[in-house]
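*Asks:* upload09.cif is the file, holding mmCIF, C-alpha atoms:
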```cif
data_data
loop_
_atom_site.group_PDB
_atom_site.id
_atom_site.type_symbol
_atom_site.label_atom_id
_atom_site.label_comp_id
_atom_site.auth_asym_id
_atom_site.auth_seq_id
_atom_site.Cartn_x
_atom_site.Cartn_y
_atom_site.Cartn_z
ATOM 1 C CA MET A 161 -3.290 -15.940 24.409
ATOM 2 C CA PRO A 162 -5.879 -13.694 22.733
ATOM 3 C CA THR A 163 -4.734 -12.043 19.522
ATOM 4 C CA VAL A 164 -5.418 -8.422 18.644
ATOM 5 C CA LEU A 165 -4.893 -6.712 15.295
ATOM 6 C CA ILE A 166 -4.232 -2.977 15.315
ATOM 7 C CA ILE A 167 -4.984 -1.076 12.105
ATOM 8 C CA ASP A 168 -3.718 2.479 12.296
ATOM 9 C CA ASP A 169 -1.713 4.616 9.883
ATOM 10 C CA ASP A 170 0.020 6.416 12.743
ATOM 11 C CA GLN A 171 3.155 4.537 13.739
ATOM 12 C CA ALA A 172 3.348 6.147 17.180
ATOM 13 C CA THR A 173 -0.175 4.963 17.981
ATOM 14 C CA ARG A 174 0.544 1.479 16.670
ATOM 15 C CA THR A 175 3.689 1.230 18.779
ATOM 16 C CA ALA A 176 2.003 2.572 21.916
ATOM 17 C CA LEU A 177 -0.942 0.181 21.590
ATOM 18 C CA GLU A 178 1.383 -2.708 20.812
ATOM 19 C CA LEU A 179 3.423 -2.117 23.968
ATOM 20 C CA LEU A 180 0.301 -1.681 26.074
ATOM 21 C CA LEU A 181 -1.449 -4.803 24.831
ATOM 22 C CA LYS A 182 1.681 -6.960 24.875
ATOM 23 C CA LYS A 183 2.160 -5.997 28.503
ATOM 24 C CA LYS A 184 -1.311 -7.387 29.122
ATOM 25 C CA LYS A 185 -0.276 -10.665 27.472
ATOM 26 C CA PHE A 186 -2.114 -10.189 24.201
ATOM 27 C CA GLY A 187 -0.618 -11.401 20.947
ATOM 28 C CA VAL A 188 -0.425 -8.163 18.971
ATOM 29 C CA PHE A 189 -0.217 -7.747 15.203
ATOM 30 C CA LEU A 190 -0.002 -4.487 13.294
ATOM 31 C CA ALA A 191 -1.294 -3.163 9.988
ATOM 32 C CA PRO A 192 -0.445 0.346 8.742
ATOM 33 C CA ASP A 193 -3.511 0.652 6.521
ATOM 34 C CA GLY A 194 -6.930 -0.808 5.743
ATOM 35 C CA PRO A 195 -5.982 -3.062 2.818
ATOM 36 C CA THR A 196 -3.162 -4.684 4.832
ATOM 37 C CA GLY A 197 -5.545 -5.254 7.732
ATOM 38 C CA ILE A 198 -8.119 -6.811 5.404
ATOM 39 C CA ARG A 199 -5.541 -9.200 3.954
ATOM 40 C CA LEU A 200 -4.498 -10.260 7.457
ATOM 41 C CA VAL A 201 -8.087 -10.844 8.568
ATOM 42 C CA GLY A 202 -8.535 -12.911 5.400
ATOM 43 C CA GLY A 203 -5.887 -15.291 6.704
ATOM 44 C CA VAL A 204 -6.196 -15.231 10.462
ATOM 45 C CA SER A 205 -9.240 -14.872 12.680
ATOM 46 C CA PHE A 206 -8.180 -12.389 15.360
ATOM 47 C CA ASP A 207 -9.904 -12.177 18.718
ATOM 48 C CA ALA A 208 -10.278 -8.413 18.371
ATOM 49 C CA VAL A 209 -9.407 -5.629 15.940
ATOM 50 C CA VAL A 210 -8.590 -2.073 16.984
ATOM 51 C CA ILE A 211 -9.098 0.213 14.009
ATOM 52 C CA ASP A 212 -8.458 3.872 13.381
ATOM 53 C CA MET A 213 -11.213 5.717 11.549
ATOM 54 C CA PHE A 214 -9.151 8.283 9.712
ATOM 55 C CA MET A 215 -6.570 6.718 7.449
ATOM 56 C CA PRO A 216 -5.365 7.790 4.019
ATOM 57 C CA GLY A 217 -6.761 5.771 1.133
ATOM 58 C CA MET A 218 -9.236 3.332 2.627
ATOM 59 C CA ASP A 219 -10.770 4.862 5.751
ATOM 60 C CA GLY A 220 -11.853 2.985 8.866
ATOM 61 C CA ILE A 221 -15.509 2.653 7.867
ATOM 62 C CA ALA A 222 -14.703 1.167 4.452
ATOM 63 C CA THR A 223 -12.197 -1.169 6.133
ATOM 64 C CA ILE A 224 -14.757 -2.306 8.716
ATOM 65 C CA ARG A 225 -17.280 -3.081 5.959
ATOM 66 C CA GLU A 226 -14.728 -5.302 4.228
ATOM 67 C CA LEU A 227 -13.673 -6.972 7.488
ATOM 68 C CA ILE A 228 -17.293 -7.871 8.253
ATOM 69 C CA LYS A 229 -17.677 -9.425 4.801
ATOM 70 C CA ILE A 230 -14.673 -11.681 5.476
ATOM 71 C CA ASP A 231 -15.409 -12.476 9.111
ATOM 72 C CA PRO A 232 -18.901 -11.469 10.337
ATOM 73 C CA THR A 233 -18.004 -12.342 13.937
ATOM 74 C CA VAL A 234 -14.890 -10.164 14.056
ATOM 75 C CA PRO A 235 -15.171 -7.794 17.034
ATOM 76 C CA PHE A 236 -13.710 -4.361 16.589
ATOM 77 C CA VAL A 237 -12.970 -1.255 18.609
ATOM 78 C CA ALA A 238 -13.002 2.035 16.691
ATOM 79 C CA ILE A 239 -10.597 4.809 17.609
ATOM 80 C CA SER A 240 -10.483 8.307 16.176
ATOM 81 C CA GLY A 241 -9.156 11.772 16.777
ATOM 82 C CA TYR A 242 -12.487 13.274 15.818
ATOM 83 C CA ALA A 243 -15.280 13.787 18.331
ATOM 84 C CA PHE A 244 -18.903 12.757 17.856
ATOM 85 C CA THR A 245 -19.819 16.446 17.789
ATOM 86 C CA ASP A 246 -17.623 17.166 14.797
ATOM 87 C CA ARG A 247 -20.670 16.875 12.553
ATOM 88 C CA ARG A 248 -21.310 20.563 13.240
ATOM 89 C CA GLN A 249 -17.837 21.352 11.948
ATOM 90 C CA GLY A 250 -18.424 19.465 8.744
ATOM 91 C CA ALA A 251 -16.589 16.285 9.667
ATOM 92 C CA PRO A 252 -18.527 13.015 9.426
ATOM 93 C CA ASP A 253 -19.317 11.208 12.662
ATOM 94 C CA PHE A 254 -17.086 8.214 11.952
ATOM 95 C CA LEU A 255 -17.203 6.872 15.493
ATOM 96 C CA GLY A 256 -20.993 6.939 15.436
ATOM 97 C CA MET A 257 -20.963 5.142 12.088
ATOM 98 C CA ALA A 258 -18.609 2.530 13.527
ATOM 99 C CA ILE A 259 -21.009 1.874 16.397
ATOM 100 C CA LYS A 260 -23.848 1.445 13.886
ATOM 101 C CA LEU A 261 -21.705 -1.087 12.033
ATOM 102 C CA GLY A 262 -21.356 -3.066 15.259
ATOM 103 C CA ALA A 263 -18.236 -1.710 16.976
ATOM 104 C CA THR A 264 -17.949 -2.869 20.574
ATOM 105 C CA ALA A 265 -16.714 0.579 21.537
ATOM 106 C CA ALA A 266 -15.733 3.846 19.907
ATOM 107 C CA LEU A 267 -12.986 5.807 21.620
ATOM 108 C CA GLN A 268 -11.923 9.331 20.887
ATOM 109 C CA LYS A 269 -8.187 10.032 20.933
ATOM 110 C CA PRO A 270 -6.575 10.696 23.313
ATOM 111 C CA PHE A 271 -8.305 7.929 25.246
ATOM 112 C CA ASP A 272 -7.666 6.412 28.650
ATOM 113 C CA ILE A 273 -5.675 3.201 28.273
ATOM 114 C CA LEU A 274 -7.974 1.536 30.797
ATOM 115 C CA ASP A 275 -10.936 2.336 28.526
ATOM 116 C CA LEU A 276 -9.157 0.703 25.611
ATOM 117 C CA LEU A 277 -8.249 -2.404 27.604
ATOM 118 C CA GLU A 278 -11.824 -2.672 28.868
ATOM 119 C CA ALA A 279 -13.142 -2.306 25.308
ATOM 120 C CA VAL A 280 -10.779 -4.978 23.965
ATOM 121 C CA ASP A 281 -11.745 -7.358 26.784
ATOM 122 C CA ARG A 282 -15.424 -6.731 26.064
ATOM 123 C CA ALA A 283 -14.891 -7.288 22.324
ATOM 124 C CA ILE A 284 -13.239 -10.646 23.009
ATOM 125 C CA GLU A 285 -16.063 -11.663 25.366
ATOM 126 C CA GLU A 286 -18.676 -10.712 22.773
ATOM 127 C CA ARG A 287 -16.928 -12.805 20.165
ATOM 128 C CA GLN A 288 -16.810 -15.790 22.488
ATOM 129 C CA ARG A 289 -20.538 -15.413 23.100
ATOM 130 C CA LEU A 290 -21.190 -15.215 19.353
ATOM 131 C CA LEU A 291 -19.087 -18.278 18.603
ATOM 132 C CA THR A 292 -20.576 -20.256 21.481
ATOM 133 C CA GLY A 293 -24.068 -19.259 20.348
ATOM 134 C CA ALA A 294 -23.315 -20.288 16.762
ATOM 135 C CA GLN A 295 -22.009 -23.664 17.916
ATOM 136 C CA GLN A 296 -25.038 -24.153 20.137
ATOM 137 C CA HIS A 297 -27.349 -23.252 17.245
ATOM 138 C CA SER A 298 -25.503 -25.652 14.967
ATOM 139 C CA SER A 299 -25.736 -28.391 17.589
ATOM 140 C CA ASP A 300 -29.475 -27.751 18.082
ATOM 141 C CA SER A 301 -30.083 -27.847 14.318
ATOM 142 C CA SER A 302 -28.286 -31.169 13.923
ATOM 143 C CA SER A 303 -30.315 -32.581 16.816
ATOM 144 C CA VAL A 304 -33.493 -31.530 15.066
ATOM 145 C CA ARG A 305 -32.349 -33.090 11.821
ATOM 146 C CA LYS A 306 -31.463 -36.338 13.567
ATOM 147 C CA ALA A 307 -34.811 -36.349 15.360
ATOM 148 C CA SER A 308 -36.734 -35.907 12.133
ATOM 149 C CA MET B 104 13.697 -27.696 17.634
ATOM 150 C CA THR B 105 10.881 -28.739 15.307
ATOM 151 C CA ARG B 106 11.179 -27.078 11.918
ATOM 152 C CA ILE B 107 8.074 -25.991 10.058
ATOM 153 C CA LEU B 108 7.756 -24.483 6.598
ATOM 154 C CA VAL B 109 5.087 -21.848 6.002
ATOM 155 C CA VAL B 110 4.180 -20.824 2.452
ATOM 156 C CA ASP B 111 1.669 -18.058 1.815
ATOM 157 C CA ASP B 112 1.703 -15.351 -0.838
ATOM 158 C CA GLU B 113 0.482 -12.830 1.739
ATOM 159 C CA ILE B 114 3.553 -11.777 3.673
ATOM 160 C CA GLY B 115 1.485 -10.461 6.583
ATOM 161 C CA VAL B 116 -0.172 -13.831 7.069
ATOM 162 C CA CYS B 117 3.261 -15.491 6.901
ATOM 163 C CA CYS B 118 4.484 -13.171 9.638
ATOM 164 C CA VAL B 119 1.483 -13.866 11.876
ATOM 165 C CA ILE B 120 1.838 -17.643 11.508
ATOM 166 C CA GLN B 121 5.602 -17.423 12.028
ATOM 167 C CA HIS B 122 5.118 -15.367 15.172
ATOM 168 C CA LEU B 123 2.450 -17.692 16.593
ATOM 169 C CA LEU B 124 4.450 -20.851 15.972
ATOM 170 C CA ALA B 125 7.760 -19.349 17.104
ATOM 171 C CA ARG B 126 6.165 -18.404 20.419
ATOM 172 C CA HIS B 127 5.387 -22.066 20.927
ATOM 173 C CA GLY B 128 8.910 -23.249 20.268
ATOM 174 C CA TYR B 129 8.795 -24.077 16.581
ATOM 175 C CA ALA B 130 11.513 -22.975 14.182
ATOM 176 C CA VAL B 131 9.660 -21.475 11.248
ATOM 177 C CA THR B 132 10.824 -20.802 7.725
ATOM 178 C CA ALA B 133 8.319 -18.607 5.927
ATOM 179 C CA MET B 134 8.229 -17.854 2.225
ATOM 180 C CA THR B 135 5.840 -16.236 -0.221
ATOM 181 C CA ASP B 136 7.281 -17.525 -3.471
ATOM 182 C CA GLY B 137 5.855 -20.751 -4.899
ATOM 183 C CA ARG B 138 8.952 -21.788 -6.824
ATOM 184 C CA ALA B 139 11.208 -21.288 -3.816
ATOM 185 C CA ALA B 140 8.717 -23.259 -1.740
ATOM 186 C CA ARG B 141 8.784 -26.125 -4.238
ATOM 187 C CA GLU B 142 12.547 -26.342 -3.810
ATOM 188 C CA ALA B 143 12.327 -26.000 -0.049
ATOM 189 C CA VAL B 144 9.866 -28.861 0.436
ATOM 190 C CA VAL B 145 12.122 -31.127 -1.588
ATOM 191 C CA CYS B 146 15.473 -30.114 -0.074
ATOM 192 C CA GLY B 147 14.546 -28.941 3.413
ATOM 193 C CA ASP B 148 14.170 -31.136 6.461
ATOM 194 C CA TYR B 149 10.837 -29.941 7.834
ATOM 195 C CA ALA B 150 8.610 -31.742 10.316
ATOM 196 C CA ALA B 151 5.549 -30.237 8.628
ATOM 197 C CA ALA B 152 4.634 -27.732 5.930
ATOM 198 C CA LEU B 153 1.764 -25.259 5.813
ATOM 199 C CA ILE B 154 1.031 -24.387 2.204
ATOM 200 C CA ASP B 155 -1.511 -21.921 0.882
ATOM 201 C CA LEU B 156 -3.206 -23.037 -2.313
ATOM 202 C CA ASN B 157 -3.267 -19.585 -3.807
ATOM 203 C CA LEU B 158 0.334 -18.680 -4.589
ATOM 204 C CA ALA B 159 1.617 -16.058 -6.989
ATOM 205 C CA ASN B 160 4.082 -17.957 -9.173
ATOM 206 C CA ILE B 161 2.901 -21.535 -9.206
ATOM 207 C CA ASP B 162 -0.164 -23.296 -7.891
ATOM 208 C CA GLY B 163 0.020 -24.330 -4.247
ATOM 209 C CA LYS B 164 -1.154 -27.767 -5.309
ATOM 210 C CA GLU B 165 2.007 -28.099 -7.397
ATOM 211 C CA VAL B 166 4.105 -27.415 -4.300
ATOM 212 C CA ILE B 167 2.086 -30.011 -2.413
ATOM 213 C CA ARG B 168 2.561 -32.560 -5.188
ATOM 214 C CA ALA B 169 6.327 -31.965 -5.131
ATOM 215 C CA ALA B 170 6.335 -32.376 -1.364
ATOM 216 C CA ARG B 171 4.330 -35.602 -1.501
ATOM 217 C CA ALA B 172 6.668 -37.025 -4.122
ATOM 218 C CA ALA B 173 9.896 -36.089 -2.342
ATOM 219 C CA ARG B 174 8.811 -36.411 1.299
ATOM 220 C CA PRO B 175 5.700 -38.586 1.531
ATOM 221 C CA GLU B 176 6.065 -38.897 5.306
ATOM 222 C CA MET B 177 5.970 -35.133 5.894
ATOM 223 C CA PRO B 178 2.516 -33.941 6.992
ATOM 224 C CA ILE B 179 1.160 -31.044 5.000
ATOM 225 C CA VAL B 180 -1.415 -28.474 6.023
ATOM 226 C CA MET B 181 -3.204 -27.135 2.974
ATOM 227 C CA MET B 182 -4.593 -23.652 3.587
ATOM 228 C CA SER B 183 -7.173 -21.806 1.565
ATOM 229 C CA GLY B 184 -9.730 -19.078 1.942
ATOM 230 C CA MET B 185 -11.700 -20.456 -0.998
ATOM 231 C CA VAL B 186 -13.931 -22.714 1.051
ATOM 232 C CA LEU B 187 -17.429 -22.144 -0.124
ATOM 233 C CA GLU B 188 -20.639 -23.987 0.369
ATOM 234 C CA SER B 189 -21.570 -26.317 -2.434
ATOM 235 C CA GLY B 190 -24.479 -25.449 -4.652
ATOM 236 C CA ARG B 191 -23.513 -21.827 -5.016
ATOM 237 C CA GLY B 192 -21.670 -22.264 -8.270
ATOM 238 C CA ALA B 193 -18.305 -21.870 -6.627
ATOM 239 C CA THR B 194 -15.489 -24.321 -6.200
ATOM 240 C CA ASP B 195 -14.793 -25.828 -2.806
ATOM 241 C CA VAL B 196 -11.047 -26.094 -3.261
ATOM 242 C CA LEU B 197 -10.322 -27.804 0.039
ATOM 243 C CA GLY B 198 -13.297 -30.113 -0.328
ATOM 244 C CA MET B 199 -12.139 -31.216 -3.751
ATOM 245 C CA SER B 200 -8.821 -32.209 -2.294
ATOM 246 C CA ILE B 201 -10.371 -34.428 0.323
ATOM 247 C CA LYS B 202 -8.916 -37.572 -1.226
ATOM 248 C CA VAL B 203 -5.338 -36.365 -1.045
ATOM 249 C CA SER B 204 -3.781 -38.681 1.501
ATOM 250 C CA GLY B 205 -1.700 -37.296 4.347
ATOM 251 C CA VAL B 206 -2.847 -33.734 3.859
ATOM 252 C CA TYR B 207 -4.613 -31.718 6.512
ATOM 253 C CA ARG B 208 -6.907 -28.886 5.585
ATOM 254 C CA LEU B 209 -7.160 -25.525 7.307
ATOM 255 C CA ALA B 210 -9.740 -23.031 6.156
ATOM 256 C CA LYS B 211 -8.945 -19.328 6.286
ATOM 257 C CA PRO B 212 -9.447 -17.244 8.254
ATOM 258 C CA PHE B 213 -8.416 -19.611 11.019
ATOM 259 C CA LYS B 214 -8.202 -18.972 14.723
ATOM 260 C CA PRO B 215 -4.632 -18.976 16.075
ATOM 261 C CA LYS B 216 -5.514 -21.551 18.715
ATOM 262 C CA ASP B 217 -6.876 -23.852 15.997
ATOM 263 C CA LEU B 218 -3.638 -23.552 14.057
ATOM 264 C CA LEU B 219 -1.567 -24.305 17.146
ATOM 265 C CA GLN B 220 -3.763 -27.228 18.102
ATOM 266 C CA LEU B 221 -3.531 -28.694 14.624
ATOM 267 C CA ILE B 222 0.252 -28.369 14.490
ATOM 268 C CA SER B 223 0.560 -29.838 17.943
ATOM 269 C CA GLU B 224 -1.588 -32.816 16.953
ATOM 270 C CA ILE B 225 0.282 -33.349 13.694
ATOM 271 C CA ILE B 226 3.681 -33.265 15.335
ATOM 272 C CA SER B 227 2.635 -35.564 18.171
ATOM 273 C CA GLN B 228 1.046 -37.979 15.694
ATOM 274 C CA GLU B 229 4.222 -38.080 13.664
ATOM 275 C CA ASP B 230 6.201 -38.795 16.826
ATOM 276 C CA VAL B 231 4.116 -41.906 17.514
ATOM 277 C CA PRO B 232 4.734 -44.502 14.779
ATOM 278 C CA GLN B 233 1.774 -46.441 13.401
ATOM 279 C CA ARG B 234 -0.668 -44.543 15.530
ATOM 280 C CA THR B 235 -4.247 -45.380 14.690
ATOM 281 C CA GLU B 236 -5.904 -42.478 12.974
ATOM 282 C CA VAL B 237 -8.806 -40.978 14.846
ATOM 283 C CA ALA B 238 -12.014 -41.494 12.918
ATOM 284 C CA ALA B 239 -13.937 -38.524 14.182
ATOM 285 C CA THR B 240 -14.050 -36.347 17.224
ATOM 286 C CA SER B 241 -15.109 -32.856 18.082
ATOM 287 C CA GLY B 242 -14.792 -30.310 20.815
ATOM 288 C CA ASN B 243 -13.762 -26.739 21.461
ATOM 289 C CA GLY B 244 -15.172 -25.650 18.123
ATOM 290 C CA ARG B 245 -13.034 -27.946 16.054
ATOM 291 C CA GLN B 246 -13.678 -30.984 13.966
ATOM 292 C CA LEU B 247 -11.204 -33.709 13.276
ATOM 293 C CA ALA B 248 -12.365 -36.265 10.780
ATOM 294 C CA ALA B 249 -10.792 -38.900 8.634
ATOM 295 C CA GLN B 250 -12.610 -39.189 5.366
ATOM 296 C CA ASN B 251 -11.571 -41.289 2.407
ATOM 297 C CA GLY B 252 -8.122 -41.739 3.862
ATOM 298 C CA CYS B 253 -7.530 -38.016 4.263
ATOM 299 C CA LYS B 254 -6.609 -36.611 7.633
ATOM 300 C CA ALA B 255 -9.001 -33.697 7.458
ATOM 301 C CA TRP B 256 -9.135 -31.015 10.065
ATOM 302 C CA MET B 257 -11.467 -28.079 9.776
ATOM 303 C CA PRO B 258 -11.834 -25.578 12.571
ATOM 304 C CA GLY B 259 -15.345 -24.741 13.680
ATOM 305 C CA ARG B 260 -16.389 -21.111 13.264
#
```
Turn this file's structure into structure tokens for me.
*Replies:*
Amino acid sequence: MPTVLIIDDDQATRTALELLLKKKKFGVFLAPDGPTGIRLVGGVSFDAVVIDMFMPGMDGIATIRELIKIDPTVPFVAISGYAFTDRRQGAPDFLGMAIKLGATAALQKPFDILDLLEAVDRAIEERQRLLTGAQQHSSDSSSVRKAS
Amino acid sequence: MTRILVVDDEIGVCCVIQHLLARHGYAVTAMTDGRAAREAVVCGDYAAALIDLNLANIDGKEVIRAARAARPEMPIVMMSGMVLESGRGATDVLGMSIKVSGVYRLAKPFKPKDLLQLISEIISQEDVPQRTEVAATSGNGRQLAAQNGCKAWMPGR
């Protein structure tokens, strides 16, 4: 059962995503803010993290940077109420920044639940590829060492 | 129902572990306080205990020592996020404890399936008396190795 961590300060969003993902047989865990999410990722390696960009205190971008430090292979899906075009209105393009930091997908609220499920599935697949590649690389390296 | 004690100063991590194990039929008692954990490992009848080394009140190693003294047959999973490569001037806490007999090691952050696999293996091993300890095996990103008498288990990343 793949595990997904949802980091969002909005309880209604957390609850909605929890119900949706649980229905799809994911193990779902919730964090109401960035620091809580970081502490959880420090203990458990989740298969995917869904993270809101706009949260009081530590925002989504700062949280993602910390998550990557703890677990560089952690796949994440960024969600936000702000559009990419908000730059013209003075708001930073957080979703664009999340993509640059390696987000599998960046979804603007309100998003289609099918888009979210597809993004989470893709994030989990990417992680599997990363982990498989790392194991393969490790195996190749040990073969080289043994050969020499 | 198999009873397992989980001790971690991070309540969120306790909740995640409790949830994961409960889903697989284990009865979990979770606690964040080191002193309470020290009493629990001595008085409680647990099939296994997962203990984080970094606790708020007292050192996790103290809880483990109390558990080994009172219940030497109870398998213990020692958890820590302070697993660092040697030569970087940092302490490899889990590596240093490699000679502690009967203690399994689980590096944080761990994958849920690795935790479940480890618990499953521990419980099944304890159910089979005098089972020969596996020397070394690997697969599915995990490594199980017996080194210096320590049942060491480190998930692959």
*Asks:* What are the closest atom pairs, with distances in Å to one decimal, for all residues of chain A lying within 7 Å of chain B? Consider only C-alpha atoms, order rows by chain and residue number, and present the result as CSV.
*Replies:*
```
residue,atom,partner,partner_atom,distance
A:Leu200,CA,B:Val116,CA,5.6
A:Val201,CA,B:Pro212,CA,6.6
A:Gly202,CA,B:Pro212,CA,5.3
A:Gly203,CA,B:Pro212,CA,4.3
A:Val204,CA,B:Pro212,CA,4.4
A:Ser205,CA,B:Lys214,CA,4.7
A:Phe206,CA,B:Lys214,CA,6.6
A:Leu291,CA,B:Arg260,CA,6.6
```
*Asks:* Applying 9 Å and all atoms listed in the file, which residues near stretch 266-282 of chain A remain after dropping the ones on its own chain fewer than 2 positions away? List them as a compact mmCIF listing (two decimals) with C-alpha atoms, in the frame of the given file.
*Replies:*
```txt
# COMPACT_ATOMS: atom_id res chain seq x y z
CA VAL A 164 -5.42 -8.42 18.64
CA LEU A 177 -0.94 0.18 21.59
CA LEU A 180 0.30 -1.68 26.07
CA LEU A 181 -1.45 -4.80 24.83
CA LYS A 184 -1.31 -7.39 29.12
CA ASP A 207 -9.90 -12.18 18.72
CA ALA A 208 -10.28 -8.41 18.37
CA VAL A 209 -9.41 -5.63 15.94
CA VAL A 210 -8.59 -2.07 16.98
CA PRO A 235 -15.17 -7.79 17.03
CA PHE A 236 -13.71 -4.36 16.59
CA VAL A 237 -12.97 -1.25 18.61
CA ALA A 238 -13.00 2.04 16.69
CA ILE A 239 -10.60 4.81 17.61
CA SER A 240 -10.48 8.31 16.18
CA GLY A 241 -9.16 11.77 16.78
CA TYR A 242 -12.49 13.27 15.82
CA ALA A 243 -15.28 13.79 18.33
CA PHE A 244 -18.90 12.76 17.86
CA LEU A 255 -17.20 6.87 15.49
CA GLY A 256 -20.99 6.94 15.44
CA ALA A 258 -18.61 2.53 13.53
CA ILE A 259 -21.01 1.87 16.40
CA ALA A 263 -18.24 -1.71 16.98
CA THR A 264 -17.95 -2.87 20.57
CA ILE A 284 -13.24 -10.65 23.01
CA GLU A 285 -16.06 -11.66 25.37
CA GLU A 286 -18.68 -10.71 22.77
CA ARG A 287 -16.93 -12.80 20.16
```
*Asks:* Quick check, in Å to one decimal: how far apart do atom CA of B:Arg106 and atom CA of B:Asp136 lie?
*Replies:*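 According to the coordinates, atom CA of B:Arg106 and atom CA of B:Asp136 are separated by 18.5 Å.
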*Asks:* Which centre and which edge lengths, in Å to one decimal, describe the axis-aligned box that holds all listed atoms of stretch 218-226 of chain B after 8 Å is added on each side, as lines of an AutoDock Vina configuration file?
*Replies:*
```
center_x = 0.0
center_y = -28.5
center_z = 15.9
size_x = 23.4
size_y = 25.8
size_z = 20.4
```
*Asks:* For atom CA of B:Tyr129 and atom CA of A:Ile230, determine how far apart the two atoms are, in Å to one decimal place.
*Replies:*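 Distance between the two atoms: 28.8 Å.
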*Asks:* Have a look at atom CA of B:Ala150 and atom CA of A:Thr163 and let me know their distance in Å, one decimal.
*Replies:*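 One can read the atom CA of B:Ala150 to atom CA of A:Thr163 distance as 25.5 Å.
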*Asks:* Here's the selection I'm unsure about, the PyMOL selection byres ((chain A and resi 215-224) around 8); applied to the file above, which residues does it give, as number ranges by chain?
*Replies:* A: 168-169, 193-195, 197-198, 211-214, 225-228, 238, 254, 257-258, 261
*Asks:* Which residue, B:Asp112, B:Glu165, B:Glu176, B:Glu224, has the smallest gap to B:Ala133 when you use all atoms listed in the file?
*Replies:*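 When distances to B:Ala133 are compared using all atoms listed in the file, the smallest one comes from B:Asp112.
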*Asks:* Once the PyMOL selection byres ((chain B and resi 170) around 12) has been applied to the shown file, what residues remain in the selection, as a PyMOL selection string?
*Replies:* chain B and resi 108+140-154+163-169+171-181+205-206
*Asks:* My list of candidates is B:Met104, B:Val110, B:Ala130, B:Ile226. Which is closest to B:Leu158 when distances are computed with all atoms listed in the file?
*Replies:*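 That would be B:Val110, the residue with the smallest distance to B:Leu158.
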